[in-house]
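Chemist: First the structure, which I've put down as structure tokens, then a few questions once you've had a look.
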There are 2 protein chains.
Amino acid sequence: MENEKKEKETKKEMVSELRQDLISGDWVVIATGRAKRPDDFANFRRIQDDKGIEDCLFEDPVASGQEKDVLLYHRSDGEWTLRVFPNKYPFFSGKKLSQILAEGPYFAMPGAGYHEIVVTRDHYRQLAMMDVMEVAEVFDAYQDRYIDLMNKKNINYISIFHNHGKEAGASLAHPHSQIVAIPVISPYVKLELDGAELYHKSNKHCVYCVMAEHESAEKKRVVFENDEFIAFCPFASRSAFEVWVMPKKHNPYFERITDEKKVKLAEVFSKGLNSIYKALNDPPYNFYIHTSPCDGKDYPHYHWHIEILPHTATWAGFELETGIEVSTIQPEAAAEFLRKQL
Amino acid sequence: MENEKKEKETKKEMVSELRQDLISGDWVVIATGRAKRPDDFANFRRIQDDKGIEDCLFEDPVASGQEKDVLLYHRSDGEWTLRVFPNKYPFFSGKKLSQILAEGPYFAMPGAGYHEIVVTRDHYRQLAMMDVMEVAEVFDAYQDRYIDLMNKKNINYISIFHNHGKEAGASLAHPHSQIVAIPVISPYVKLELDGAELYHKSNKHCVYCVMAEHESAEKKRVVFENDEFIAFCPFASRSAFEVWVMPKKHNPYFERITDEKKVKLAEVFSKGLNSIYKALNDPPYNFYIHTSPCDGKDYPHYHWHIEILPHTATWAGFELETGIEVSTIQPEAAAEFLRKQL
């Protein structure tokens with residue numbers, strides 16, 4: 001009782017709260033003294049950069065001279081619904097074994113790998129607007145391509161991500177995701193692998209399972225859940241309205257998801273993304289999958305998941321200097337506002 | 001000879017090059033296949049958001065109701081040239097000892113600390129335009145405040161940074177820097193401390209000293225140098241036209257800089273920042289100081305330095321997912337273009 005009172009007083013005096021990321025041990029700042037009301041965030045408007053359907057390179061990828069499809073899904077009437085083809089301007093390309101190039105004390109290597117584009121049919125129908133089965137098809141394509149690419153020579157990590165809006169780095173308005181298969185392991189995933197390993201050593205539990213269980217019991221940061229997946233605003237959110245989508249049962253490998261679970265995933269992911277779309281009035285956003293590397297090793301203590309990051313602010317000097325992120329809404333208030341949209 | 005030819009062929013075929021950060025071991029991508037000409041980067045224009053001198057809160061901080069100055073520099077005629085006062089909307093504030101607040105598996109603590117603003121006199125004269133002695137005065141103020149704050153209770157790290165332009169997070173156009181003194185150590189500095197420690201263990205040298213020496217001998221990435229400091233584009237640049245300013249002689253602690261060296265620093269820093277200002281046509285930018293924590297421990301293998309990051313692109317899904325940054329100009333070409341501005 002006395003403690004509770006004390007805690008409340010402390011919270012009242014605080015202009016901000018430091019919250020620790022359970023996985024990395026890093027801190028984020030929830031600047032409650034600068035806090036805005038949830039609906040104030042909807043004022044961060046996107047640049048309307050769509051040149052329209054006539055000039056769209058992805059409306060008819062063959063006619064616009066894109067590379068040959070590596071995957072093509074059709075409806076029963078023959079019309080395509082989703083296609084995947086190599087990016088004409090890849091970050092990584094070529095099958096050469098990566099030899100190390102040295103200059104003095106430094107090391108470099110050629111950017112060998114694959115860079116593909118996943119395009120859905122409708123120019124004006126972004127992922128946040130799609131129904132569950134359409135979203136499930138997108139995850140199906142991610143999995144198809146993942147399994148093909150993971151077995152290529154020299155590929156140790158596969159990055160799957162989606163940019164929506166110019167401020168989130170989307171250079172074309174037509175909805176598309178990207179798949180980049182690379183010879184090195186993503187530094188951010190490496191941090192999570194190390195954090196999960198360390199947590200398991202100390203606590204004998206998967207840190208992601210602990211989070212999913214606590215969130216599902218606690219409810220206050222949950223946006224939506226079914227029996228297999230949970231969408232929630234992380235306790236140590238790095239950005240306002242950040243949402244994670246996580247399988248409730250332990251699984252380190254995204255590519256091993258079953259068709260049945262893919263539909264369950266699509267249901268929870270859709271609700272999460274759609275609530276952001278409505279709450280923030282179609283904001284720019286990125287989402288990406290974090291999954292185990294495909295370097296032939298086992299990662300029994302990792303737990304694959306999706307992170308959705310809406311853009312509501314600019315990373316400035318403090319964030320760039322310290323890596324400590326400043327968010328201006330409490331994750332609990334963000335989740336409450338997102339739930340209201342459902 | 002044969003090797004050289006082979007290397008040239010490899011470089012020609014490459015659409016990108018992966019370069020390893022010598023300190024963290026992380027990789028960056030130099031996307032040479034997407035490379036633009038150096039002067040194409042000048043097209044990334046800043047939003048002109050200056051509401052003018054009449055409505056400026058920092059033109060007369062006392063009249064506009066800012067907090068009381070903690071530092072004030074004057075000219076001989078009594079006119080102020082630089083002042084430092086607490087931020088009215090701090091990220092961190094209060095002197096309370098940070099008690100840990102727990103919720104289930106998570107930890108948090110109150111954001112105790114200090115958040116100050118460093119303002120120079122002239123509304124229209126940004127740091128990139130200042131002469132050497134004016135810039136030296138700014139570093140003098142950073143040092144003054146650092147030394148005062150480092151001795152406060154519960155302060156373990158001090159972040160000093162500067163945002164220029166709305167896209168870089170500057171909410172006011174009047175030139176100002178920020179000093180944030182906090183109870184936790186910056187995760188990015190922690191990565192560098194660990195990297196420097198590990199490098200010293202393997203190589204018996206400071207990794208920053210090795211870089212400064214190699215750059216000064218190699219010349220191709222140097223923007224400007226004198227006998228004490230060097231400004232160069234790092235081999236593994238994370239953003240186009242990134243510039244680091246580093247003391248040539250080993251020193252872990254920024255706050256121990258002498259007055260004489262402060263002028264040498266100001267000379268090299270000014271040249272570096274001014275070359276970016278001219279080359280990119282007044283772009284938005286951030287710079288910050290990375291120095292040892294002030295938590296009472298020694299950091300003999302660290303080496304303080306300044307990082308200048310112009311904004312020429314948006315961090316998109318791939319960077320957010322992987323932490324692997326994609327830059328579209330070779331650091332050697334960027335440095336050459338910056339040197340041309342001097």
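How things are named: the first chain in the structure tokens is A, the next is B, and so on; residues count from 1 in each chain; ligands count from 1 in the order shown.
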Contacts of segment 321-326 of chain A at 8 Å or less, counting only C-alpha atoms, minus same-chain residues fewer than 2 places along, as a PyMOL selection string?

Modeler: (chain A and resi 26-31+238-239+317-319+328) or (chain B and resi 91+159+161+186-189+288-290)

Chemist: Kindly export the residues of the current selection with N, CA and C atoms, as a tab-separated table (two decimals), in the first residue's frame.

Modeler:
```
chain	number	residue	atom	x	y	z
A	26	ASP	N	19.30	-3.09	-23.65
A	26	ASP	CA	19.35	-1.66	-23.96
A	26	ASP	C	18.16	-0.92	-23.35
A	27	TRP	N	18.31	0.40	-23.22
A	27	TRP	CA	17.27	1.22	-22.62
A	27	TRP	C	16.56	2.06	-23.66
A	28	VAL	N	15.28	2.30	-23.44
A	28	VAL	CA	14.55	3.28	-24.24
A	28	VAL	C	14.00	4.32	-23.27
A	29	VAL	N	13.66	5.51	-23.79
A	29	VAL	CA	13.08	6.55	-22.96
A	29	VAL	C	11.62	6.74	-23.34
A	30	ILE	N	10.73	6.62	-22.38
A	30	ILE	CA	9.34	7.00	-22.61
A	30	ILE	C	9.19	8.39	-22.01
A	31	ALA	N	9.17	9.41	-22.87
A	31	ALA	CA	9.18	10.80	-22.40
A	31	ALA	C	7.76	11.21	-22.06
A	238	ARG	N	10.41	1.22	-28.99
A	238	ARG	CA	11.39	2.18	-29.47
A	238	ARG	C	10.71	3.32	-30.18
A	239	SER	N	9.55	3.05	-30.78
A	239	SER	CA	8.84	4.14	-31.43
A	239	SER	C	7.38	4.09	-31.03
A	317	GLY	N	19.65	13.77	-33.00
A	317	GLY	CA	21.00	13.61	-32.46
A	317	GLY	C	21.09	12.67	-31.27
A	318	PHE	N	20.17	12.78	-30.33
A	318	PHE	CA	20.27	11.96	-29.12
A	318	PHE	C	20.17	10.48	-29.45
A	319	GLU	N	19.20	10.13	-30.31
A	319	GLU	CA	19.02	8.73	-30.69
A	319	GLU	C	20.23	8.23	-31.49
A	328	THR	N	7.23	9.21	-27.25
A	328	THR	CA	6.43	10.19	-26.49
A	328	THR	C	5.04	9.70	-26.12
B	91	PHE	N	14.18	15.50	-21.62
B	91	PHE	CA	14.06	14.04	-21.68
B	91	PHE	C	14.30	13.46	-20.28
B	159	SER	N	25.70	12.88	-23.02
B	159	SER	CA	25.54	12.91	-24.47
B	159	SER	C	25.51	14.37	-24.93
B	161	PHE	N	25.12	16.64	-28.39
B	161	PHE	CA	24.78	16.51	-29.81
B	161	PHE	C	24.18	17.79	-30.34
B	186	SER	N	25.21	4.89	-22.82
B	186	SER	CA	24.69	4.81	-24.18
B	186	SER	C	25.03	3.46	-24.81
B	187	PRO	N	24.02	2.73	-25.33
B	187	PRO	CA	24.29	1.42	-25.95
B	187	PRO	C	25.30	1.50	-27.11
B	188	TYR	N	25.25	2.58	-27.90
B	188	TYR	CA	26.18	2.69	-29.03
B	188	TYR	C	27.62	2.87	-28.54
B	189	VAL	N	27.78	3.69	-27.49
B	189	VAL	CA	29.13	3.87	-26.93
B	189	VAL	C	29.60	2.55	-26.30
B	288	TYR	N	27.66	14.60	-33.08
B	288	TYR	CA	27.70	14.30	-31.65
B	288	TYR	C	29.10	13.85	-31.26
B	289	ILE	N	29.36	13.97	-29.95
B	289	ILE	CA	30.64	13.55	-29.40
B	289	ILE	C	30.47	12.16	-28.81
B	290	HIS	N	31.37	11.25	-29.13
B	290	HIS	CA	31.44	9.97	-28.44
B	290	HIS	C	32.66	9.99	-27.54
```

Chemist: Would you superpose chain B on chain A, least squares on all C-alpha atoms in order, and hand back the fitted chain as a tab-separated table (two decimals) with C-alpha atoms, in the first residue's frame?

Modeler:
```tsv
chain	number	residue	atom	x	y	z
B	1	MET	CA	-0.10	0.02	-0.06
B	2	GLU	CA	2.60	2.42	1.09
B	3	ASN	CA	4.76	1.18	-1.76
B	4	GLU	CA	2.01	1.71	-4.29
B	5	LYS	CA	1.53	5.29	-3.13
B	6	LYS	CA	5.25	5.92	-3.34
B	7	GLU	CA	5.37	4.48	-6.83
B	8	LYS	CA	2.50	6.70	-7.95
B	9	GLU	CA	4.28	9.76	-6.58
B	10	THR	CA	7.47	8.79	-8.37
B	11	LYS	CA	5.56	8.35	-11.62
B	12	LYS	CA	3.93	11.76	-11.21
B	13	GLU	CA	7.25	13.53	-10.67
B	14	MET	CA	8.92	11.77	-13.58
B	15	VAL	CA	9.29	13.63	-16.84
B	16	SER	CA	10.38	10.35	-18.34
B	17	GLU	CA	10.82	6.69	-17.67
B	18	LEU	CA	13.74	4.51	-18.76
B	19	ARG	CA	12.59	1.04	-19.78
B	20	GLN	CA	14.95	-1.83	-20.39
B	21	ASP	CA	14.65	-4.02	-23.45
B	22	LEU	CA	14.45	-7.52	-21.97
B	23	ILE	CA	16.29	-9.07	-24.92
B	24	SER	CA	19.19	-6.70	-25.61
B	25	GLY	CA	19.48	-5.06	-22.19
B	26	ASP	CA	19.37	-1.66	-23.95
B	27	TRP	CA	17.27	1.21	-22.60
B	28	VAL	CA	14.55	3.27	-24.23
B	29	VAL	CA	13.09	6.54	-22.95
B	30	ILE	CA	9.34	6.99	-22.60
B	31	ALA	CA	9.19	10.79	-22.41
B	32	THR	CA	5.93	11.06	-20.47
B	33	GLY	CA	6.54	14.77	-19.79
B	34	ARG	CA	6.41	15.41	-23.52
B	35	ALA	CA	3.54	12.98	-24.01
B	36	LYS	CA	0.90	13.78	-26.57
B	37	ARG	CA	-2.64	12.44	-26.75
B	38	PRO	CA	-2.92	9.31	-28.88
B	39	ASP	CA	-4.84	11.06	-31.64
B	40	ASP	CA	-2.22	13.81	-31.94
B	41	PHE	CA	0.03	11.29	-33.69
B	42	ALA	CA	-2.37	11.07	-36.63
B	43	ASN	CA	-1.17	14.53	-37.70
B	44	PHE	CA	2.12	13.16	-39.03
B	45	ARG	CA	0.92	13.06	-42.66
B	46	ARG	CA	2.52	11.16	-45.45
B	47	ILE	CA	3.82	12.85	-48.57
B	48	GLN	CA	1.37	11.90	-51.31
B	49	ASP	CA	3.88	10.68	-53.83
B	50	ASP	CA	1.85	8.27	-55.93
B	51	LYS	CA	2.32	9.12	-59.59
B	52	GLY	CA	-0.77	7.05	-60.36
B	53	ILE	CA	-1.49	3.74	-61.95
B	54	GLU	CA	-0.53	4.81	-65.51
B	55	ASP	CA	3.17	5.29	-64.75
B	56	CYS	CA	3.39	2.42	-62.24
B	57	LEU	CA	6.26	0.02	-62.96
B	58	PHE	CA	4.63	-2.79	-60.96
B	59	GLU	CA	1.15	-2.61	-62.51
B	60	ASP	CA	2.36	-4.75	-65.42
B	61	PRO	CA	5.90	-5.80	-64.48
B	62	VAL	CA	6.54	-7.63	-67.76
B	63	ALA	CA	5.56	-4.64	-69.91
B	64	SER	CA	7.65	-2.26	-67.77
B	65	GLY	CA	10.73	-4.42	-68.31
B	66	GLN	CA	11.17	-5.98	-64.87
B	67	GLU	CA	13.25	-9.13	-64.50
B	68	LYS	CA	11.64	-12.55	-65.07
B	69	ASP	CA	9.33	-13.78	-62.28
B	70	VAL	CA	10.72	-16.31	-59.84
B	71	LEU	CA	7.25	-16.90	-58.35
B	72	LEU	CA	3.76	-16.21	-59.69
B	73	TYR	CA	0.40	-16.82	-57.97
B	74	HIS	CA	-2.85	-16.88	-60.00
B	75	ARG	CA	-6.57	-16.79	-59.30
B	76	SER	CA	-8.67	-19.57	-60.86
B	77	ASP	CA	-9.62	-17.20	-63.73
B	78	GLY	CA	-5.95	-16.83	-64.69
B	79	GLU	CA	-5.44	-13.26	-63.39
B	80	TRP	CA	-2.26	-12.93	-61.31
B	81	THR	CA	-2.56	-12.03	-57.63
B	82	LEU	CA	1.09	-11.92	-56.51
B	83	ARG	CA	4.48	-12.15	-58.20
B	84	VAL	CA	8.11	-12.13	-57.16
B	85	PHE	CA	10.98	-11.03	-59.42
B	86	PRO	CA	14.61	-9.91	-58.96
B	87	ASN	CA	15.10	-6.21	-58.18
B	88	LYS	CA	16.54	-4.36	-61.20
B	89	TYR	CA	18.63	-2.24	-58.82
B	90	PRO	CA	19.78	-4.79	-56.23
B	91	PHE	CA	21.72	-4.14	-53.02
B	92	PHE	CA	23.21	-7.62	-53.42
B	93	SER	CA	23.69	-9.70	-56.54
B	94	GLY	CA	25.87	-12.44	-58.03
B	95	LYS	CA	26.69	-15.93	-56.93
B	96	LYS	CA	30.45	-15.54	-56.49
B	97	LEU	CA	31.97	-16.86	-53.32
B	98	SER	CA	32.76	-13.82	-51.22
B	99	GLN	CA	36.49	-13.34	-51.17
B	100	ILE	CA	37.79	-10.94	-48.58
B	101	LEU	CA	39.31	-7.71	-49.90
B	102	ALA	CA	41.68	-6.01	-47.47
B	103	GLU	CA	42.92	-2.42	-47.31
B	104	GLY	CA	45.36	-1.73	-44.50
B	105	PRO	CA	43.57	-2.65	-41.28
B	106	TYR	CA	40.15	-2.87	-43.00
B	107	PHE	CA	38.13	-5.68	-44.56
B	108	ALA	CA	35.52	-5.74	-47.30
B	109	MET	CA	33.84	-8.30	-49.54
B	110	PRO	CA	31.68	-8.20	-52.68
B	111	GLY	CA	27.96	-7.86	-51.94
B	112	ALA	CA	27.02	-11.28	-53.33
B	113	GLY	CA	23.44	-12.44	-52.83
B	114	TYR	CA	19.85	-11.99	-54.01
B	115	HIS	CA	17.43	-9.09	-53.89
B	116	GLU	CA	13.81	-9.75	-54.89
B	117	ILE	CA	10.55	-7.78	-55.00
B	118	VAL	CA	7.18	-9.22	-53.88
B	119	VAL	CA	4.31	-7.40	-55.62
B	120	THR	CA	0.59	-7.82	-54.92
B	121	ARG	CA	-1.95	-7.13	-57.68
B	122	ASP	CA	-3.88	-4.06	-56.58
B	123	HIS	CA	-2.07	-0.72	-56.80
B	124	TYR	CA	-4.40	0.95	-54.29
B	125	ARG	CA	-4.87	-1.94	-51.86
B	126	GLN	CA	-2.06	-1.83	-49.30
B	127	LEU	CA	-1.49	-4.67	-46.83
B	128	ALA	CA	-3.35	-2.83	-44.07
B	129	MET	CA	-6.55	-3.02	-46.16
B	130	MET	CA	-6.28	-6.66	-47.26
B	131	ASP	CA	-8.43	-9.45	-45.89
B	132	VAL	CA	-6.96	-12.37	-43.96
B	133	MET	CA	-6.61	-14.75	-46.92
B	134	GLU	CA	-4.87	-12.12	-49.06
B	135	VAL	CA	-2.38	-11.45	-46.26
B	136	ALA	CA	-1.87	-15.20	-45.78
B	137	GLU	CA	-0.93	-15.41	-49.46
B	138	VAL	CA	1.78	-12.77	-48.94
B	139	PHE	CA	3.26	-14.77	-46.05
B	140	ASP	CA	3.02	-17.86	-48.24
B	141	ALA	CA	5.16	-16.12	-50.87
B	142	TYR	CA	7.69	-14.99	-48.23
B	143	GLN	CA	7.99	-18.60	-47.07
B	144	ASP	CA	8.27	-20.00	-50.62
B	145	ARG	CA	11.08	-17.65	-51.54
B	146	TYR	CA	12.79	-18.06	-48.16
B	147	ILE	CA	12.99	-21.83	-48.59
B	148	ASP	CA	14.38	-21.50	-52.11
B	149	LEU	CA	16.97	-18.85	-51.19
B	150	MET	CA	18.16	-20.42	-47.93
B	151	ASN	CA	19.56	-23.35	-49.88
B	152	LYS	CA	21.61	-21.22	-52.27
B	153	LYS	CA	25.37	-21.16	-51.84
B	154	ASN	CA	26.89	-18.55	-49.58
B	155	ILE	CA	23.58	-17.31	-48.12
B	156	ASN	CA	23.60	-16.99	-44.32
B	157	TYR	CA	20.74	-14.60	-43.61
B	158	ILE	CA	17.52	-13.60	-45.35
B	159	SER	CA	15.93	-10.24	-44.66
B	160	ILE	CA	12.21	-9.83	-45.47
B	161	PHE	CA	10.78	-6.33	-45.11
B	162	HIS	CA	8.09	-3.99	-46.36
B	163	ASN	CA	8.22	-0.18	-46.71
B	164	HIS	CA	5.00	1.83	-46.96
B	165	GLY	CA	5.15	5.54	-47.80
B	166	LYS	CA	8.00	7.73	-48.98
B	167	GLU	CA	9.10	8.64	-45.43
B	168	ALA	CA	9.51	4.92	-44.75
B	169	GLY	CA	11.73	4.55	-47.81
B	170	ALA	CA	9.21	3.23	-50.36
B	171	SER	CA	10.36	4.60	-53.72
B	172	LEU	CA	7.25	3.26	-55.50
B	173	ALA	CA	3.67	3.58	-54.24
B	174	HIS	CA	2.48	0.18	-55.53
B	175	PRO	CA	2.45	-2.20	-52.51
B	176	HIS	CA	5.59	-4.34	-52.52
B	177	SER	CA	7.84	-6.17	-50.08
B	178	GLN	CA	11.53	-6.98	-50.50
B	179	ILE	CA	13.56	-10.11	-49.82
B	180	VAL	CA	17.33	-9.75	-49.50
B	181	ALA	CA	19.51	-12.87	-49.10
B	182	ILE	CA	23.02	-12.07	-47.88
B	183	PRO	CA	26.32	-13.70	-46.85
B	184	VAL	CA	26.54	-12.00	-43.41
B	185	ILE	CA	24.25	-12.17	-40.38
B	186	SER	CA	22.21	-9.06	-39.61
B	187	PRO	CA	23.83	-7.21	-36.65
B	188	TYR	CA	20.41	-6.54	-35.07
B	189	VAL	CA	19.42	-10.20	-35.25
B	190	LYS	CA	22.86	-11.07	-33.83
B	191	LEU	CA	22.12	-8.84	-30.82
B	192	GLU	CA	18.79	-10.63	-30.32
B	193	LEU	CA	20.36	-14.08	-30.75
B	194	ASP	CA	22.97	-13.21	-28.12
B	195	GLY	CA	20.36	-11.70	-25.80
B	196	ALA	CA	18.07	-14.73	-26.11
B	197	GLU	CA	21.01	-17.09	-25.49
B	198	LEU	CA	22.10	-15.16	-22.40
B	199	TYR	CA	18.54	-14.99	-21.03
B	200	HIS	CA	18.12	-18.72	-21.51
B	201	LYS	CA	21.37	-19.39	-19.69
B	202	SER	CA	20.24	-17.34	-16.66
B	203	ASN	CA	16.52	-18.14	-16.62
B	204	LYS	CA	16.10	-21.48	-18.44
B	205	HIS	CA	13.30	-19.95	-20.51
B	206	CYS	CA	12.99	-18.37	-23.95
B	207	VAL	CA	12.82	-14.61	-23.38
B	208	TYR	CA	10.24	-14.22	-26.17
B	209	CYS	CA	8.01	-16.94	-24.68
B	210	VAL	CA	8.22	-15.13	-21.32
B	211	MET	CA	7.17	-11.86	-23.00
B	212	ALA	CA	4.29	-13.44	-24.96
B	213	GLU	CA	2.98	-15.17	-21.83
B	214	HIS	CA	3.26	-12.08	-19.65
B	215	GLU	CA	1.59	-9.85	-22.26
B	216	SER	CA	-1.24	-12.31	-22.84
B	217	ALA	CA	-1.90	-12.54	-19.07
B	218	GLU	CA	-1.46	-8.81	-18.40
B	219	LYS	CA	-3.58	-7.68	-21.42
B	220	LYS	CA	-2.82	-3.95	-21.18
B	221	ARG	CA	-0.37	-3.85	-24.08
B	222	VAL	CA	-2.19	-6.38	-26.27
B	223	VAL	CA	-3.75	-5.17	-29.54
B	224	PHE	CA	-5.16	-8.54	-30.66
B	225	GLU	CA	-4.51	-12.24	-30.12
B	226	ASN	CA	-5.79	-15.68	-31.09
B	227	ASP	CA	-4.68	-19.09	-29.81
B	228	GLU	CA	-1.48	-19.09	-31.90
B	229	PHE	CA	-0.31	-15.47	-32.25
B	230	ILE	CA	-0.25	-12.23	-30.25
B	231	ALA	CA	0.09	-8.59	-31.42
B	232	PHE	CA	1.23	-6.17	-28.71
B	233	CYS	CA	3.06	-2.90	-28.07
B	234	PRO	CA	6.40	-3.90	-26.49
B	235	PHE	CA	7.08	-2.75	-22.90
B	236	ALA	CA	10.27	-1.04	-24.14
B	237	SER	CA	8.79	0.32	-27.40
B	238	ARG	CA	11.39	2.18	-29.47
B	239	SER	CA	8.85	4.14	-31.44
B	240	ALA	CA	5.32	5.32	-30.70
B	241	PHE	CA	2.73	2.68	-31.70
B	242	GLU	CA	5.36	0.01	-32.38
B	243	VAL	CA	3.66	-3.41	-32.61
B	244	TRP	CA	5.22	-6.87	-32.45
B	245	VAL	CA	3.49	-9.97	-33.80
B	246	MET	CA	4.78	-13.16	-32.24
B	247	PRO	CA	3.92	-16.87	-32.26
B	248	LYS	CA	2.77	-17.93	-28.77
B	249	LYS	CA	4.42	-21.32	-29.09
B	250	HIS	CA	8.18	-21.49	-29.27
B	251	ASN	CA	9.61	-21.58	-32.79
B	252	PRO	CA	12.99	-20.19	-33.93
B	253	TYR	CA	12.33	-20.58	-37.68
B	254	PHE	CA	9.77	-18.58	-39.66
B	255	GLU	CA	10.14	-20.84	-42.69
B	256	ARG	CA	8.75	-23.83	-40.76
B	257	ILE	CA	5.30	-22.25	-40.29
B	258	THR	CA	2.39	-24.52	-41.38
B	259	ASP	CA	-0.41	-23.41	-43.72
B	260	GLU	CA	-2.90	-23.54	-40.87
B	261	LYS	CA	-0.73	-21.29	-38.70
B	262	LYS	CA	-0.13	-18.94	-41.61
B	263	VAL	CA	-3.85	-18.10	-41.59
B	264	LYS	CA	-3.76	-17.54	-37.81
B	265	LEU	CA	-0.71	-15.30	-38.29
B	266	ALA	CA	-2.45	-13.37	-41.07
B	267	GLU	CA	-5.46	-12.76	-38.79
B	268	VAL	CA	-3.39	-11.27	-35.96
B	269	PHE	CA	-1.00	-9.39	-38.23
B	270	SER	CA	-3.90	-7.86	-40.21
B	271	LYS	CA	-5.60	-6.64	-37.06
B	272	GLY	CA	-2.35	-5.13	-35.81
B	273	LEU	CA	-1.48	-3.36	-39.07
B	274	ASN	CA	-5.05	-2.25	-39.73
B	275	SER	CA	-5.34	-0.71	-36.25
B	276	ILE	CA	-2.19	1.36	-36.94
B	277	TYR	CA	-3.57	2.37	-40.36
B	278	LYS	CA	-6.80	3.63	-38.79
B	279	ALA	CA	-5.37	5.09	-35.57
B	280	LEU	CA	-2.67	7.14	-37.30
B	281	ASN	CA	-4.57	7.93	-40.49
B	282	ASP	CA	-2.49	5.90	-42.99
B	283	PRO	CA	0.98	6.66	-41.65
B	284	PRO	CA	4.26	5.63	-43.31
B	285	TYR	CA	5.46	2.34	-41.78
B	286	ASN	CA	7.98	-0.47	-42.07
B	287	PHE	CA	7.59	-4.04	-40.97
B	288	TYR	CA	10.05	-6.90	-41.12
B	289	ILE	CA	10.52	-10.49	-40.02
B	290	HIS	CA	13.23	-11.38	-37.53
B	291	THR	CA	14.08	-15.07	-37.80
B	292	SER	CA	17.07	-17.36	-37.23
B	293	PRO	CA	20.00	-17.19	-39.68
B	294	CYS	CA	20.15	-19.91	-42.34
B	295	ASP	CA	23.87	-20.53	-41.90
B	296	GLY	CA	23.47	-24.20	-41.07
B	297	LYS	CA	23.67	-23.70	-37.30
B	298	ASP	CA	20.83	-24.31	-34.83
B	299	TYR	CA	19.30	-21.45	-32.87
B	300	PRO	CA	17.11	-23.30	-30.33
B	301	HIS	CA	16.66	-20.26	-28.02
B	302	TYR	CA	15.59	-17.75	-30.66
B	303	HIS	CA	11.92	-17.06	-31.44
B	304	TRP	CA	10.91	-15.58	-34.80
B	305	HIS	CA	8.56	-12.58	-34.87
B	306	ILE	CA	7.46	-9.55	-36.88
B	307	GLU	CA	8.13	-5.93	-35.86
B	308	ILE	CA	5.89	-3.13	-37.22
B	309	LEU	CA	7.33	0.39	-36.91
B	310	PRO	CA	5.07	3.31	-37.87
B	311	HIS	CA	6.93	6.58	-38.54
B	312	THR	CA	5.62	9.31	-36.29
B	313	ALA	CA	8.85	11.21	-35.55
B	314	THR	CA	12.42	11.81	-36.68
B	315	TRP	CA	15.49	10.14	-35.20
B	316	ALA	CA	17.60	13.07	-34.02
B	317	GLY	CA	21.01	13.59	-32.44
B	318	PHE	CA	20.27	11.96	-29.11
B	319	GLU	CA	19.03	8.72	-30.68
B	320	LEU	CA	21.87	8.66	-33.24
B	321	GLU	CA	24.48	9.35	-30.57
B	322	THR	CA	23.31	7.02	-27.87
B	323	GLY	CA	21.10	4.42	-29.53
B	324	ILE	CA	18.64	5.26	-26.74
B	325	GLU	CA	15.32	5.94	-28.40
B	326	VAL	CA	12.84	8.50	-27.15
B	327	SER	CA	9.15	7.72	-27.50
B	328	THR	CA	6.45	10.17	-26.49
B	329	ILE	CA	3.56	7.85	-25.70
B	330	GLN	CA	3.36	5.05	-23.15
B	331	PRO	CA	3.03	1.66	-24.86
B	332	GLU	CA	-0.02	0.97	-22.64
B	333	ALA	CA	-1.80	4.10	-23.96
B	334	ALA	CA	-0.79	3.26	-27.53
B	335	ALA	CA	-2.20	-0.29	-27.25
B	336	GLU	CA	-5.45	1.00	-25.75
B	337	PHE	CA	-5.88	3.42	-28.66
B	338	LEU	CA	-5.07	0.72	-31.22
B	339	ARG	CA	-7.61	-1.68	-29.63
B	340	LYS	CA	-10.30	1.00	-30.05
B	341	GLN	CA	-9.87	0.82	-33.84
B	342	LEU	CA	-10.79	-2.88	-34.04
```

Chemist: According to DSSP computed on the backbone, where in segment 96-288 of chain B is there strand (DSSP E)? Give the residues as number ranges by chain.

Modeler: B: 101-103, 106-110, 114-120, 157-164, 176-182, 222-225, 229-232, 243-247, 285-288

Chemist: Would you return as a PyMOL selection string the members of segment 203-283 of chain B that DSSP assigns to helix (DSSP H, G or I) on this structure's backbone?

Modeler: chain B and resi 203+207-218+254-256+259-279
